[in-house]
$ cat data.txt   # compact mmCIF, C-alpha atoms
# COMPACT_ATOMS: atom_id res chain seq x y z
CA MET A 1 -67.41 -13.88 41.38
CA LEU A 2 -67.43 -11.68 38.33
CA ASP A 3 -65.70 -8.83 40.21
CA PHE A 4 -63.10 -11.29 41.47
CA GLU A 5 -62.36 -12.47 37.93
CA LYS A 6 -62.09 -8.87 36.73
CA THR A 7 -59.66 -8.00 39.53
CA ARG A 8 -57.65 -11.17 38.92
CA GLY A 9 -57.51 -10.37 35.18
CA ALA A 10 -56.33 -6.85 35.86
CA GLN A 11 -53.62 -8.14 38.21
CA LEU A 12 -52.42 -10.62 35.60
CA LEU A 13 -52.35 -7.90 32.94
CA ARG A 14 -50.38 -5.60 35.21
CA TYR A 15 -48.02 -8.45 36.04
CA PHE A 16 -47.36 -9.19 32.36
CA LEU A 17 -46.92 -5.52 31.51
CA VAL A 18 -44.42 -4.93 34.30
CA THR A 19 -42.54 -8.16 33.58
CA GLY A 20 -42.49 -7.37 29.85
CA ALA A 21 -41.17 -3.88 30.49
CA LEU A 22 -38.44 -5.23 32.78
CA VAL A 23 -37.40 -7.91 30.28
CA THR A 24 -37.30 -5.29 27.49
CA VAL A 25 -35.11 -2.95 29.55
CA LEU A 26 -32.83 -5.86 30.47
CA LEU A 27 -32.52 -6.95 26.84
CA ILE A 28 -31.74 -3.41 25.67
CA GLY A 29 -29.11 -3.09 28.39
CA LEU A 30 -27.62 -6.46 27.49
CA MET A 31 -27.45 -5.57 23.79
CA ALA A 32 -25.85 -2.20 24.61
CA TYR A 33 -23.32 -3.96 26.86
CA ILE A 34 -22.45 -6.54 24.18
CA THR A 35 -22.19 -4.06 21.32
CA TYR A 36 -20.52 -1.17 23.22
CA GLU A 37 -17.15 -0.14 21.86
CA PRO A 38 -15.21 2.52 23.70
CA PRO A 39 -14.39 5.52 21.49
CA VAL A 40 -11.03 5.29 19.72
CA GLY A 41 -8.79 8.34 19.58
CA GLY A 42 -8.75 11.62 21.50
CA ASP A 43 -6.44 14.58 21.95
CA PHE A 44 -2.75 13.99 21.27
CA HIS A 45 0.47 15.92 21.56
CA LEU A 46 3.31 15.87 19.05
CA LYS A 47 5.81 18.22 17.40
CA TYR A 48 5.57 20.30 14.24
CA ARG A 49 8.96 21.46 12.98
CA GLY A 50 10.30 20.69 16.43
CA GLU A 51 7.76 22.87 18.25
CA PRO A 52 5.02 21.51 20.55
CA TRP A 53 1.83 20.75 18.67
CA ASP A 54 -1.54 19.80 20.19
CA PHE A 55 -4.32 18.26 18.17
CA SER A 56 -6.99 20.18 20.10
CA ALA A 57 -5.35 23.59 19.49
CA ASP A 58 -6.53 23.72 15.88
CA ALA A 59 -8.86 20.74 15.53
CA GLN A 60 -11.13 20.93 12.51
CA PRO A 61 -14.61 19.43 12.17
CA LEU A 62 -12.88 16.66 10.19
CA ASN A 63 -9.25 15.63 10.54
CA VAL A 64 -7.61 13.00 8.36
CA LEU A 65 -4.66 11.10 9.84
CA TYR A 66 -2.11 8.80 8.22
CA ILE A 67 0.70 7.13 10.17
CA GLY A 68 3.91 6.20 8.33
CA TYR A 69 7.40 7.58 7.74
CA ALA A 70 9.03 9.93 5.25
CA LYS A 71 11.64 7.43 4.08
CA CYS A 72 8.93 4.96 3.10
CA PRO A 73 9.12 5.01 -0.71
CA ASP A 74 6.00 3.06 -1.56
CA VAL A 75 2.75 2.97 0.43
CA CYS A 76 3.14 6.24 2.41
CA PRO A 77 3.67 8.54 -0.59
CA LEU A 78 1.07 6.55 -2.52
CA THR A 79 -1.59 7.23 0.13
CA LEU A 80 -0.53 10.84 0.61
CA SER A 81 -0.68 11.46 -3.13
CA PHE A 82 -4.24 10.05 -3.19
CA ALA A 83 -5.09 12.30 -0.24
CA GLY A 84 -3.54 15.26 -2.07
CA ARG A 85 -5.61 14.56 -5.16
CA ALA A 86 -8.73 14.27 -3.00
CA PHE A 87 -8.01 17.60 -1.30
CA ARG A 88 -7.47 19.31 -4.66
CA GLN A 89 -11.05 18.43 -5.55
CA LEU A 90 -12.52 20.06 -2.43
CA SER A 91 -14.07 23.52 -2.55
CA ASP A 92 -12.64 26.36 -0.43
CA LYS A 93 -15.61 25.97 1.92
CA GLU A 94 -14.93 22.24 2.30
CA LEU A 95 -11.19 22.85 2.74
CA SER A 96 -11.92 25.22 5.62
CA LYS A 97 -13.42 22.31 7.57
CA VAL A 98 -10.88 19.54 6.99
CA ARG A 99 -7.14 19.04 7.44
CA MET A 100 -4.69 16.25 6.75
CA LEU A 101 -2.16 15.10 9.33
CA PHE A 102 0.81 12.87 8.52
CA LEU A 103 2.61 11.39 11.51
CA SER A 104 6.10 10.01 10.98
CA VAL A 105 6.85 7.25 13.47
CA ASP A 106 10.53 7.22 12.41
CA TYR A 107 11.64 9.23 15.44
CA GLU A 108 15.28 8.13 14.93
CA ASN A 109 15.76 9.10 11.29
CA ASP A 110 13.11 11.57 10.12
CA ASN A 111 14.07 15.17 10.76
CA PRO A 112 11.02 17.24 11.90
CA ASP A 113 11.51 19.86 9.17
CA ASP A 114 11.90 17.11 6.56
CA VAL A 115 8.61 15.55 7.69
CA ALA A 116 6.83 18.91 7.49
CA ASP A 117 8.30 19.70 4.05
CA TYR A 118 7.58 16.19 2.82
CA ALA A 119 3.88 16.29 3.76
CA ALA A 120 3.29 19.80 2.38
CA GLN A 121 4.38 18.73 -1.12
CA PHE A 122 1.25 16.60 -1.50
CA PHE A 123 -1.02 19.53 -0.62
CA PRO A 124 0.06 22.86 0.87
CA THR A 125 -2.02 22.51 4.04
CA PHE A 126 -0.90 18.98 4.91
CA VAL A 127 0.71 18.94 8.36
CA GLY A 128 3.76 16.70 8.79
CA LEU A 129 4.15 15.73 12.44
CA SER A 130 6.94 14.13 14.40
CA GLY A 131 7.80 13.79 18.07
CA SER A 132 9.62 11.92 20.79
CA GLU A 133 9.37 8.16 20.92
CA ASN A 134 7.06 8.41 23.93
CA ASP A 135 4.74 10.96 22.30
CA ILE A 136 4.59 8.97 19.08
CA ARG A 137 3.91 5.68 20.85
CA ALA A 138 1.21 7.31 23.01
CA THR A 139 -0.47 8.75 19.91
CA VAL A 140 -0.30 5.55 17.91
CA SER A 141 -1.73 3.47 20.77
CA LEU A 142 -4.55 6.03 21.13
CA PHE A 143 -5.71 4.86 17.72
CA GLN A 144 -5.37 1.22 18.74
CA THR A 145 -2.67 0.50 16.24
CA SER A 146 1.10 -0.01 16.34
CA PHE A 147 4.38 0.12 14.47
CA ILE A 148 7.52 -2.00 14.57
CA LEU A 149 11.04 -0.91 13.67
CA GLU A 150 12.89 -3.79 12.05
CA LYS A 151 16.64 -3.75 11.47
CA ASP A 152 17.54 -4.94 7.98
CA GLU A 153 21.29 -4.95 7.41
CA SER A 154 20.84 -6.38 3.91
CA SER A 155 19.13 -3.19 2.74
CA SER A 156 20.88 0.14 2.07
CA LEU A 157 18.43 1.88 4.40
CA GLY A 158 19.35 -0.53 7.20
CA TYR A 159 15.83 -0.80 8.57
CA SER A 160 12.18 -1.03 7.69
CA ILE A 161 9.11 0.01 9.62
CA ILE A 162 5.95 -2.05 9.76
CA HIS A 163 3.16 0.49 10.15
CA PRO A 164 -0.60 0.76 9.66
CA ASP A 165 -1.82 1.28 6.13
CA ARG A 166 -5.02 2.95 7.22
CA VAL A 167 -6.44 6.44 6.84
CA PHE A 168 -8.21 7.57 10.01
CA PHE A 169 -10.95 10.21 9.96
CA LEU A 170 -11.24 12.07 13.28
CA ASN A 171 -13.86 14.44 14.60
CA LYS A 172 -13.09 17.69 16.39
CA ARG A 173 -12.34 15.78 19.61
CA GLY A 174 -9.91 13.45 17.86
CA ARG A 175 -12.27 10.51 18.00
CA VAL A 176 -12.21 8.13 15.04
CA VAL A 177 -15.45 8.38 13.10
CA THR A 178 -14.35 5.98 10.39
CA SER A 179 -11.25 4.71 8.59
CA ILE A 180 -10.16 3.26 5.26
CA VAL A 181 -7.73 0.36 5.07
CA SER A 182 -5.22 0.62 2.19
CA PRO A 183 -6.99 3.21 0.02
CA ARG A 184 -5.91 2.81 -3.57
CA THR A 185 -7.76 5.71 -5.20
CA ALA A 186 -8.26 9.39 -4.43
CA ASP A 187 -12.01 8.95 -4.81
CA GLU A 188 -12.17 6.57 -1.83
CA ILE A 189 -10.73 9.30 0.39
CA LEU A 190 -12.76 12.10 -1.22
CA THR A 191 -16.01 10.19 -0.73
CA VAL A 192 -15.39 9.61 2.97
CA ILE A 193 -14.37 13.24 3.50
CA ARG A 194 -17.57 14.50 1.90
CA GLU A 195 -19.69 11.97 3.82
CA ASN A 196 -18.32 13.31 7.08
CA LEU A 197 -18.19 17.06 6.49
CA MET B 1 25.19 -16.38 -60.86
CA ILE B 2 26.52 -17.97 -57.72
CA ILE B 3 27.68 -14.59 -56.48
CA LEU B 4 24.23 -13.11 -57.13
CA LYS B 5 22.59 -15.94 -55.17
CA LEU B 6 24.99 -15.38 -52.30
CA LEU B 7 24.22 -11.66 -52.28
CA LEU B 8 20.50 -12.36 -52.25
CA ALA B 9 20.94 -14.84 -49.42
CA LEU B 10 22.90 -12.30 -47.42
CA LEU B 11 20.17 -9.74 -47.89
CA PHE B 12 17.67 -12.02 -46.12
CA VAL B 13 19.87 -13.99 -43.75
CA ILE B 14 21.98 -11.24 -42.20
CA PRO B 15 19.11 -9.01 -41.12
CA GLU B 16 17.39 -12.02 -39.56
CA SER B 17 20.45 -12.99 -37.59
CA LEU B 18 21.03 -9.39 -36.56
CA ARG B 19 17.46 -9.18 -35.34
CA ALA B 20 17.98 -12.33 -33.27
CA GLN B 21 21.09 -10.85 -31.68
CA THR B 22 19.56 -7.45 -30.95
CA SER B 23 16.14 -8.64 -29.82
CA PRO B 24 16.02 -7.68 -26.11
CA PRO B 25 15.40 -10.50 -23.63
CA LEU B 26 13.47 -8.09 -21.40
CA SER B 27 11.35 -5.08 -22.22
CA LEU B 28 9.70 -2.41 -20.09
CA ASN B 29 6.20 -1.01 -20.48
CA GLU B 30 4.63 1.85 -18.53
CA GLY B 31 7.79 2.23 -16.50
CA TYR B 32 8.49 5.23 -14.29
CA VAL B 33 10.54 6.40 -11.34
CA PHE B 34 9.13 9.01 -9.03
CA LEU B 35 11.20 12.14 -8.59
CA PRO B 36 12.51 12.05 -4.98
CA LEU B 37 10.51 14.30 -2.71
CA LYS B 38 11.94 17.02 -0.54
CA GLY B 39 12.43 15.55 2.93
CA SER B 40 13.14 12.04 1.69
CA THR B 41 16.19 10.63 -0.09
CA ILE B 42 14.42 7.46 -1.12
CA THR B 43 12.06 6.87 -3.99
CA ALA B 44 10.61 4.02 -6.02
CA GLY B 45 10.28 2.75 -9.56
CA TYR B 46 7.51 0.75 -11.18
CA GLY B 47 6.56 -0.76 -14.52
CA VAL B 48 5.75 -3.98 -16.35
CA ILE B 49 8.79 -6.04 -17.39
CA THR B 50 8.24 -8.73 -19.99
CA ASN B 51 10.45 -11.80 -20.28
CA HIS B 52 10.85 -12.51 -24.02
CA THR B 53 13.16 -15.50 -23.56
CA ASN B 54 12.16 -19.15 -23.62
CA GLU B 55 13.28 -19.64 -20.04
CA ASP B 56 12.12 -18.57 -16.62
CA VAL B 57 14.18 -15.63 -15.44
CA GLN B 58 15.31 -14.80 -11.90
CA LEU B 59 15.70 -11.06 -12.20
CA GLN B 60 18.29 -9.29 -10.06
CA LEU B 61 18.90 -5.58 -9.75
CA ILE B 62 22.46 -4.33 -10.04
CA SER B 63 22.25 -0.54 -9.97
CA ALA B 64 20.41 2.56 -11.11
CA GLU B 65 22.29 5.45 -12.65
CA GLY B 66 21.89 8.63 -10.63
CA PHE B 67 21.36 6.81 -7.33
CA LYS B 68 23.79 5.56 -4.70
CA ALA B 69 22.01 2.21 -4.47
CA ALA B 70 19.02 0.34 -5.89
CA GLU B 71 17.22 -2.74 -4.62
CA LEU B 72 14.17 -4.86 -5.31
CA HIS B 73 11.58 -4.72 -2.54
CA GLU B 74 8.21 -6.25 -1.83
CA THR B 75 5.40 -4.61 0.12
CA LYS B 76 2.83 -6.81 1.78
CA THR B 77 -0.27 -5.54 3.55
CA THR B 78 -1.94 -7.81 6.06
CA GLY B 79 -4.73 -6.84 8.41
CA GLY B 80 -4.24 -3.15 7.72
CA MET B 81 -0.50 -3.29 8.52
CA MET B 82 2.08 -2.89 5.79
CA LYS B 83 5.48 -4.53 5.73
CA MET B 84 8.21 -3.92 3.18
CA GLN B 85 11.28 -6.09 2.72
CA LYS B 86 14.22 -6.45 0.37
CA VAL B 87 14.26 -9.38 -2.05
CA THR B 88 17.38 -10.52 -3.93
CA ASN B 89 15.55 -11.58 -7.07
CA LEU B 90 12.11 -11.78 -8.64
CA LEU B 91 10.92 -14.57 -10.91
CA ILE B 92 9.55 -13.83 -14.37
CA PRO B 93 8.31 -17.04 -16.04
CA LYS B 94 9.10 -17.44 -19.73
CA GLY B 95 6.92 -15.25 -21.88
CA ALA B 96 5.31 -13.71 -18.80
CA VAL B 97 5.45 -10.31 -17.14
CA LEU B 98 6.57 -8.93 -13.80
CA ASP B 99 4.27 -6.16 -12.63
CA LEU B 100 6.17 -3.74 -10.43
CA LYS B 101 3.40 -1.66 -8.89
CA PRO B 102 2.69 0.54 -5.87
CA GLY B 103 1.84 -1.56 -2.83
CA GLY B 104 3.57 -4.62 -4.33
CA SER B 105 6.99 -5.48 -5.77
CA HIS B 106 8.97 -2.39 -6.70
CA ILE B 107 12.40 -0.90 -7.26
CA MET B 108 13.70 1.07 -4.30
CA LEU B 109 16.21 3.81 -5.09
CA PHE B 110 18.46 5.39 -2.48
CA GLU B 111 20.11 8.78 -2.30
CA PRO B 112 20.27 10.48 -5.68
CA ASN B 113 23.84 11.46 -6.50
CA LYS B 114 23.01 13.86 -9.30
CA GLU B 115 20.30 16.38 -10.03
CA LEU B 116 17.20 14.68 -11.36
CA LYS B 117 14.18 16.24 -13.00
CA VAL B 118 10.88 15.17 -14.47
CA GLY B 119 11.32 13.90 -18.01
CA ASP B 120 14.84 12.54 -17.44
CA PHE B 121 15.45 8.81 -17.63
CA VAL B 122 16.94 6.56 -14.99
CA LYS B 123 18.94 3.71 -16.50
CA VAL B 124 18.35 0.66 -14.32
CA HIS B 125 20.77 -2.24 -14.73
CA PHE B 126 19.30 -5.71 -14.23
CA LYS B 127 21.03 -9.06 -14.27
CA PHE B 128 19.78 -12.52 -15.06
CA LYS B 129 22.00 -15.54 -15.65
CA ASP B 130 25.13 -13.98 -17.16
CA GLN B 131 23.37 -11.19 -19.00
CA THR B 132 22.95 -7.55 -18.11
CA VAL B 133 19.99 -5.60 -19.38
CA VAL B 134 19.54 -1.85 -19.04
CA LEU B 135 16.00 -0.49 -18.97
CA ASP B 136 15.17 3.21 -19.13
CA PHE B 137 12.65 4.46 -16.58
CA PRO B 138 11.31 8.00 -17.17
CA ILE B 139 11.11 10.23 -14.11
CA LYS B 140 7.73 11.62 -13.15
CA SER B 141 6.35 13.68 -10.31
CA ARG B 142 4.36 12.23 -7.46
CA THR B 143 2.71 15.46 -6.50
CA GLU B 144 1.72 17.21 -9.69
CA PRO B 145 -1.99 16.95 -10.46
$ encode --input "data.txt" --output "structure tokens"
Amino acid sequence: MLDFEKTRGAQLLRYFLVTGALVTVLLIGLMAYITYEPPVGGDFHLKYRGEPWDFSADAQPLNVLYIGYAKCPDVCPLTLSFAGRAFRQLSDKELSKVRMLFLSVDYENDNPDDVADYAAQFFPTFVGLSGSENDIRATVSLFQTSFILEKDESSSLGYSIIHPDRVFFLNKRGRVVTSIVSPRTADEILTVIRENL
Amino acid sequence: MIILKLLLALLFVIPESLRAQTSPPLSLNEGYVFLPLKGSTITAGYGVITNHTNEDVQLQLISAEGFKAAELHETKTTGGMMKMQKVTNLLIPKGAVLDLKPGGSHIMLFEPNKELKVGDFVKVHFKFKDQTVVLDFPIKSRTEP
């Protein structure tokens, strides 16, 4: 009778252990399924001064991306000037591991050389990118964002572009590691760069 | 004696009345226009404009010397997306200020038609009611440290 009780107890213990392990594995799987977010970003292909340009060809450990347009007089140059100030505070060693990319989505009006010249004024190594409408739309959607060209006949420019006001930080594979919405100081950008170098 | 009294009265009254006539209805503090960047023919101006009148003012922008056109614009950022649009006028309540600042309301300046450099001033012509006011915005660089 005693042996039977021992055996029965051992069976129950084994049963609970196995069931517990299965429930734990199921819960972990369920949590992973619920919280899983597919990686944002990746390799992309644009133009630099009219020549083909691939992100992966010269990807740095950290790549900073801002999407706007050169004829934007307000938020784009504001953010790029903060980025420029942040880069000026980096050491040569830090600068060797990070680069800034500015993508103009104004494929109709921004000349590729103008975009490149425009970006480089904020910091000499800033890369001003342009491209075809298809390439630009493919790149922008890769980062799960968008832009809208709006005609505005009342304005001297004749149009306005709604675009993201977000600085993306990409790893060597172009995947977004973090981002800042509407940075309003250089220190915000500098801090994130140093946290991710 | 009467003549002396009149002279004394003039000494106090005329300067007062002159001050009333020359006192500007609007004033600008911390104003600036960014020097246009290479690769872009558009730039922006900012500053704090104070309404010294006893009435609310609907400020309109007429022109900016040295630029083909000038407009008032508003930038709004929602959900990480920014949208900028032209506005015909901006309200400055009596005795209050209008803060033209990056990422908000600002002056948009199109196509410089003369050579501009840091330290120059851009005369911006505003209109409210039937008055015209000219405010001087100094030019500064966006990219210098």
$ interface_residues --input "data.txt" --of "chain A" --to "chain B" --cutoff "10 Å" --atoms "all atoms listed in the file" --output "ChimeraX atom specification"
/A:68-82,84-85,88,110-123,145-148,150,152,154-157,159-167,180-182,184
$ atom_distance --input "data.txt" --atom1 "CA of Val33 (chain B)" --atom2 "CA of Pro138 (chain B)"
6.1 Å
$ atom_distance --input "data.txt" --atom1 "CA of Asn113 (chain B)" --atom2 "CA of Ile139 (chain B)"
14.9 Å
$ atom_distance --input "data.txt" --atom1 "CA of Gly31 (chain B)" --atom2 "CA of Lys127 (chain B)"
17.5 Å
$ residues_around --input "data.txt" --residues "region 53-62 of chain B" --least-positions-apart "5" --cutoff "10 Å" --atoms "all atoms listed in the file" --output "MDAnalysis selection string"
chainID B and resid 23:26 69:72 87:96 98 107 124:129 132:134
$ write_last_selection --input "data.txt" --atoms "C-alpha atoms" --output "short mmCIF file (atom, residue, chain, number, x, y, z; two decimals), in the frame of the given file"
data_model
loop_
_atom_site.label_atom_id
_atom_site.label_comp_id
_atom_site.auth_asym_id
_atom_site.auth_seq_id
_atom_site.Cartn_x
_atom_site.Cartn_y
_atom_site.Cartn_z
CA SER B 23 16.14 -8.64 -29.82
CA PRO B 24 16.02 -7.68 -26.11
CA PRO B 25 15.40 -10.50 -23.63
CA LEU B 26 13.47 -8.09 -21.40
CA ALA B 69 22.01 2.21 -4.47
CA ALA B 70 19.02 0.34 -5.89
CA GLU B 71 17.22 -2.74 -4.62
CA LEU B 72 14.17 -4.86 -5.31
CA VAL B 87 14.26 -9.38 -2.05
CA THR B 88 17.38 -10.52 -3.93
CA ASN B 89 15.55 -11.58 -7.07
CA LEU B 90 12.11 -11.78 -8.64
CA LEU B 91 10.92 -14.57 -10.91
CA ILE B 92 9.55 -13.83 -14.37
CA PRO B 93 8.31 -17.04 -16.04
CA LYS B 94 9.10 -17.44 -19.73
CA GLY B 95 6.92 -15.25 -21.88
CA ALA B 96 5.31 -13.71 -18.80
CA LEU B 98 6.57 -8.93 -13.80
CA ILE B 107 12.40 -0.90 -7.26
CA VAL B 124 18.35 0.66 -14.32
CA HIS B 125 20.77 -2.24 -14.73
CA PHE B 126 19.30 -5.71 -14.23
CA LYS B 127 21.03 -9.06 -14.27
CA PHE B 128 19.78 -12.52 -15.06
CA LYS B 129 22.00 -15.54 -15.65
CA THR B 132 22.95 -7.55 -18.11
CA VAL B 133 19.99 -5.60 -19.38
CA VAL B 134 19.54 -1.85 -19.04
#
$ closest_residue --input "data.txt" --among "B:Ser27, B:Val48, B:Ser63, B:Gly119" --to "Leu100 (chain B)" --atoms "all atoms listed in the file"
B:Val48
$ closest_residue --input "data.txt" --among "A:Lys47, A:Arg194, A:Lys172, A:Lys93" --to "Thr139 (chain A)" --atoms "only C-alpha atoms"
A:Lys47
$ residues_near_point --input "data.txt" --point "(-15.9, 18.0, 10.1)" --cutoff "8 Å" --atoms "all atoms listed in the file" --output "PyMOL selection string"
chain A and resi 60-63+97-98+171-172+196-197
$ closest_residue --input "data.txt" --among "B:Glu65, B:Glu115, B:Asp99, B:Glu30" --to "Asn51 (chain B)" --atoms "all atoms listed in the file"
B:Asp99
$ closest_residue --input "data.txt" --among "A:Tyr48, A:Phe87, A:Phe55, A:Tyr66" --to "Phe168 (chain A)" --atoms "only C-alpha atoms"
A:Tyr66
$ decode --input "data.txt" --residues "region 97-118 of chain A" --atoms "N, CA and C atoms" --output "short mmCIF file (atom, residue, chain, number, x, y, z; two decimals), in the first residue's frame"
data_model
loop_
_atom_site.label_atom_id
_atom_site.label_comp_id
_atom_site.auth_asym_id
_atom_site.auth_seq_id
_atom_site.Cartn_x
_atom_site.Cartn_y
_atom_site.Cartn_z
N LYS A 97 32.08 56.14 -37.12
CA LYS A 97 31.11 55.05 -37.00
C LYS A 97 29.66 55.49 -37.26
N VAL A 98 29.48 56.75 -37.62
CA VAL A 98 28.10 57.23 -37.81
C VAL A 98 28.03 58.14 -39.03
N ARG A 99 26.91 58.12 -39.72
CA ARG A 99 26.71 59.05 -40.84
C ARG A 99 25.25 59.50 -40.84
N MET A 100 25.06 60.68 -41.43
CA MET A 100 23.73 61.27 -41.51
C MET A 100 23.25 61.24 -42.95
N LEU A 101 22.03 60.77 -43.14
CA LEU A 101 21.42 60.73 -44.47
C LEU A 101 20.20 61.63 -44.49
N PHE A 102 20.09 62.46 -45.52
CA PHE A 102 18.89 63.29 -45.68
C PHE A 102 18.26 62.91 -47.01
N LEU A 103 17.04 62.41 -46.95
CA LEU A 103 16.33 62.02 -48.17
C LEU A 103 15.30 63.07 -48.53
N SER A 104 15.45 63.65 -49.71
CA SER A 104 14.41 64.57 -50.21
C SER A 104 13.35 63.76 -50.95
N VAL A 105 12.11 63.93 -50.52
CA VAL A 105 11.00 63.23 -51.19
C VAL A 105 10.41 64.10 -52.32
N ASP A 106 10.98 65.29 -52.52
CA ASP A 106 10.46 66.20 -53.55
C ASP A 106 11.09 65.85 -54.88
N TYR A 107 10.69 64.69 -55.43
CA TYR A 107 11.32 64.18 -56.65
C TYR A 107 11.01 65.06 -57.86
N GLU A 108 9.98 65.92 -57.77
CA GLU A 108 9.62 66.78 -58.91
C GLU A 108 10.42 68.08 -58.93
N ASN A 109 10.80 68.58 -57.77
CA ASN A 109 11.38 69.93 -57.72
C ASN A 109 12.80 70.02 -57.17
N ASP A 110 13.24 69.05 -56.39
CA ASP A 110 14.58 69.13 -55.82
C ASP A 110 15.60 68.50 -56.76
N ASN A 111 16.51 69.32 -57.23
CA ASN A 111 17.59 68.83 -58.09
C ASN A 111 18.56 67.99 -57.24
N PRO A 112 19.03 66.83 -57.74
CA PRO A 112 19.91 65.96 -56.93
C PRO A 112 21.16 66.66 -56.41
N ASP A 113 21.79 67.50 -57.24
CA ASP A 113 22.97 68.23 -56.76
C ASP A 113 22.59 69.24 -55.68
N ASP A 114 21.44 69.87 -55.85
CA ASP A 114 20.98 70.83 -54.83
C ASP A 114 20.78 70.12 -53.49
N VAL A 115 20.19 68.93 -53.54
CA VAL A 115 19.93 68.18 -52.30
C VAL A 115 21.26 67.81 -51.61
N ALA A 116 22.22 67.38 -52.43
CA ALA A 116 23.53 67.00 -51.88
C ALA A 116 24.24 68.23 -51.28
N ASP A 117 24.22 69.34 -52.02
CA ASP A 117 24.85 70.58 -51.52
C ASP A 117 24.16 71.07 -50.25
N TYR A 118 22.84 71.02 -50.29
CA TYR A 118 22.02 71.50 -49.17
C TYR A 118 22.39 70.74 -47.88
#
